[in-house]
Amino acid sequence: LIELEFPPGGLELASGDLEGNVECNMLTLRLRGICAVFEEMKMAEYTRVLFPDKVEARLALTGSSPTPDGIRAPEQAEMKSVWKDWPGKIDYVDDPNLLSVSGLDKLLGKKVSIAKRMDSEDAAFVVAYPSANISE
């Protein structure tokens with residue numbers, strides 16, 4: 001188990017010093033660079049990259065430009081799609097819903113385990129940037 005944690009803007013900055021989408025794009029680019037090693041080692045298809053939730057996983061694959069009016073957003077507002085060519089699996093950690101967010105899933109015995117989505121062939125797990133959800 002290896003944990004890499006670094007401020008996306010550089011060692012002179014703290015996480016949160018940059019605008020949110022800028023930090024997410026920088027972290028995603030750095031993470032993609034780290035995962036290129038799995039491709040070089042021919043392990044990418046057995047490496048599962050996990051994003052905090054379904055929305056973040058979709059954004060990683062497709063990118064996003066938050067402009068419902070059709071006017072192009074400033075470049076820093078766009079979420080870059082750098083995972084569309086990743087040969088491995090893209091997945092998510094949490095699927096928030098009323099039960100999980102309120103904690104009722106634990107009380108009612110309805111907690112869904114992430115282990116059900118994992119394959120026995122998975123050799124490595126890479127967890128992308130954390131979110132504010134402590135249950136992740």
# chains A, B, ... in the order shown; residues from 1 in each chain; ligands from 1

$ residues_around --residues "stretch 108-125 of chain A" --least-positions-apart "5" --cutoff "8 Å" --atoms "only C-alpha atoms" --output "PyMOL selection string"
chain A and resi 43+46-50+93-94+100

$ atom_distance --atom1 "atom CA of A:Val126" --atom2 "atom CA of A:Pro52"
11.3 Å

$ atom_distance --atom1 "atom CA of A:Pro96" --atom2 "atom CA of A:Lys54"
8.8 Å

$ select_by_dssp --residues "stretch 21-128 of chain A" --states "helix (DSSP H, G or I)" --output "ChimeraX atom specification"
/A:21-40,44-46,54-62,75-77,98-102,104-107,114-117

$ atom_distance --atom1 "atom CA of A:Gly88" --atom2 "atom CA of A:Phe51"
13.4 Å

$ closest_residue --among "A:Ile90, A:Ala36, A:Arg30, A:Met41" --to "A:Thr62" --atoms "only C-alpha atoms"
A:Ile90

$ decode --residues "stretch 81-114 of chain A" --atoms "N, CA, C and O atoms" --output "tab-separated table (two decimals), in the first residue's frame"
chain	number	residue	atom	x	y	z
A	81	SER	N	-10.79	15.87	-19.71
A	81	SER	CA	-10.97	14.43	-19.83
A	81	SER	C	-9.64	13.79	-20.20
A	81	SER	O	-9.23	13.82	-21.37
A	82	VAL	N	-8.92	13.27	-19.21
A	82	VAL	CA	-7.62	12.67	-19.49
A	82	VAL	C	-7.63	11.15	-19.30
A	82	VAL	O	-6.61	10.50	-19.46
A	83	TRP	N	-8.77	10.59	-18.97
A	83	TRP	CA	-8.85	9.15	-18.71
A	83	TRP	C	-9.56	8.39	-19.82
A	83	TRP	O	-9.69	7.17	-19.74
A	84	LYS	N	-10.02	9.07	-20.87
A	84	LYS	CA	-10.80	8.38	-21.90
A	84	LYS	C	-10.02	7.27	-22.60
A	84	LYS	O	-10.60	6.33	-23.11
A	85	ASP	N	-8.69	7.36	-22.59
A	85	ASP	CA	-7.88	6.34	-23.24
A	85	ASP	C	-7.26	5.35	-22.25
A	85	ASP	O	-6.43	4.53	-22.62
A	86	TRP	N	-7.67	5.40	-21.00
A	86	TRP	CA	-7.15	4.49	-19.97
A	86	TRP	C	-7.62	3.08	-20.26
A	86	TRP	O	-8.82	2.82	-20.35
A	87	PRO	N	-6.69	2.12	-20.43
A	87	PRO	CA	-7.09	0.75	-20.77
A	87	PRO	C	-7.62	-0.05	-19.58
A	87	PRO	O	-8.20	-1.12	-19.77
A	88	GLY	N	-7.45	0.46	-18.37
A	88	GLY	CA	-7.94	-0.24	-17.18
A	88	GLY	C	-9.37	0.14	-16.84
A	88	GLY	O	-10.09	0.73	-17.64
A	89	LYS	N	-9.75	-0.19	-15.64
A	89	LYS	CA	-11.12	0.06	-15.18
A	89	LYS	C	-11.19	1.38	-14.43
A	89	LYS	O	-10.32	1.70	-13.64
A	90	ILE	N	-12.24	2.14	-14.70
A	90	ILE	CA	-12.54	3.36	-13.96
A	90	ILE	C	-13.77	3.04	-13.12
A	90	ILE	O	-14.76	2.54	-13.62
A	91	ASP	N	-13.70	3.35	-11.83
A	91	ASP	CA	-14.79	3.01	-10.93
A	91	ASP	C	-14.95	4.15	-9.92
A	91	ASP	O	-14.31	5.19	-10.05
A	92	TYR	N	-15.78	3.94	-8.94
A	92	TYR	CA	-16.03	4.96	-7.92
A	92	TYR	C	-16.07	4.30	-6.55
A	92	TYR	O	-16.29	3.10	-6.42
A	93	VAL	N	-15.86	5.11	-5.52
A	93	VAL	CA	-15.85	4.60	-4.15
A	93	VAL	C	-17.25	4.58	-3.56
A	93	VAL	O	-17.69	3.59	-3.01
A	94	ASP	N	-17.96	5.68	-3.71
A	94	ASP	CA	-19.24	5.85	-3.02
A	94	ASP	C	-20.32	6.25	-4.00
A	94	ASP	O	-20.06	6.96	-4.97
A	95	ASP	N	-21.53	5.79	-3.76
A	95	ASP	CA	-22.70	6.18	-4.55
A	95	ASP	C	-23.69	6.82	-3.59
A	95	ASP	O	-24.59	6.15	-3.07
A	96	PRO	N	-23.51	8.12	-3.29
A	96	PRO	CA	-24.33	8.76	-2.27
A	96	PRO	C	-25.83	8.70	-2.59
A	96	PRO	O	-26.24	8.89	-3.72
A	97	ASN	N	-26.59	8.39	-1.57
A	97	ASN	CA	-28.05	8.44	-1.67
A	97	ASN	C	-28.57	8.82	-0.29
A	97	ASN	O	-27.80	9.02	0.65
A	98	LEU	N	-29.86	8.91	-0.14
A	98	LEU	CA	-30.45	9.35	1.13
A	98	LEU	C	-30.00	8.46	2.30
A	98	LEU	O	-29.63	8.96	3.36
A	99	LEU	N	-29.99	7.16	2.09
A	99	LEU	CA	-29.61	6.25	3.17
A	99	LEU	C	-28.14	6.40	3.56
A	99	LEU	O	-27.81	6.48	4.74
A	100	SER	N	-27.25	6.44	2.56
A	100	SER	CA	-25.82	6.50	2.88
A	100	SER	C	-25.42	7.86	3.45
A	100	SER	O	-24.60	7.92	4.36
A	101	VAL	N	-25.98	8.92	2.94
A	101	VAL	CA	-25.62	10.26	3.41
A	101	VAL	C	-26.12	10.49	4.83
A	101	VAL	O	-25.46	11.13	5.64
A	102	SER	N	-27.28	9.94	5.15
A	102	SER	CA	-27.85	10.13	6.49
A	102	SER	C	-27.31	9.13	7.51
A	102	SER	O	-27.50	9.31	8.71
A	103	GLY	N	-26.64	8.08	7.04
A	103	GLY	CA	-26.15	7.05	7.95
A	103	GLY	C	-27.16	5.96	8.22
A	103	GLY	O	-26.89	5.01	8.96
A	104	LEU	N	-28.35	6.09	7.63
A	104	LEU	CA	-29.40	5.09	7.85
A	104	LEU	C	-29.04	3.74	7.23
A	104	LEU	O	-29.54	2.71	7.69
A	105	ASP	N	-28.18	3.75	6.21
A	105	ASP	CA	-27.81	2.48	5.59
A	105	ASP	C	-27.14	1.54	6.60
A	105	ASP	O	-27.38	0.34	6.58
A	106	LYS	N	-26.36	2.11	7.51
A	106	LYS	CA	-25.71	1.29	8.55
A	106	LYS	C	-26.72	0.81	9.57
A	106	LYS	O	-26.69	-0.34	10.00
A	107	LEU	N	-27.62	1.70	9.96
A	107	LEU	CA	-28.64	1.33	10.94
A	107	LEU	C	-29.61	0.27	10.42
A	107	LEU	O	-30.03	-0.61	11.16
A	108	LEU	N	-29.94	0.37	9.14
A	108	LEU	CA	-30.90	-0.55	8.55
A	108	LEU	C	-30.26	-1.78	7.91
A	108	LEU	O	-30.94	-2.63	7.35
A	109	GLY	N	-28.93	-1.84	8.00
A	109	GLY	CA	-28.23	-2.98	7.40
A	109	GLY	C	-28.28	-2.98	5.88
A	109	GLY	O	-28.26	-4.02	5.25
A	110	LYS	N	-28.32	-1.81	5.27
A	110	LYS	CA	-28.43	-1.69	3.81
A	110	LYS	C	-27.15	-1.14	3.19
A	110	LYS	O	-27.14	-0.74	2.04
A	111	LYS	N	-26.06	-1.12	3.95
A	111	LYS	CA	-24.80	-0.57	3.43
A	111	LYS	C	-24.32	-1.43	2.27
A	111	LYS	O	-24.27	-2.65	2.35
A	112	VAL	N	-23.98	-0.79	1.17
A	112	VAL	CA	-23.49	-1.47	-0.02
A	112	VAL	C	-21.97	-1.44	0.00
A	112	VAL	O	-21.36	-0.39	0.11
A	113	SER	N	-21.37	-2.60	-0.10
A	113	SER	CA	-19.91	-2.70	-0.05
A	113	SER	C	-19.32	-2.51	-1.44
A	113	SER	O	-19.81	-3.06	-2.43
A	114	ILE	N	-18.26	-1.76	-1.49
A	114	ILE	CA	-17.53	-1.55	-2.74
A	114	ILE	C	-16.92	-2.87	-3.23
A	114	ILE	O	-16.68	-3.05	-4.42
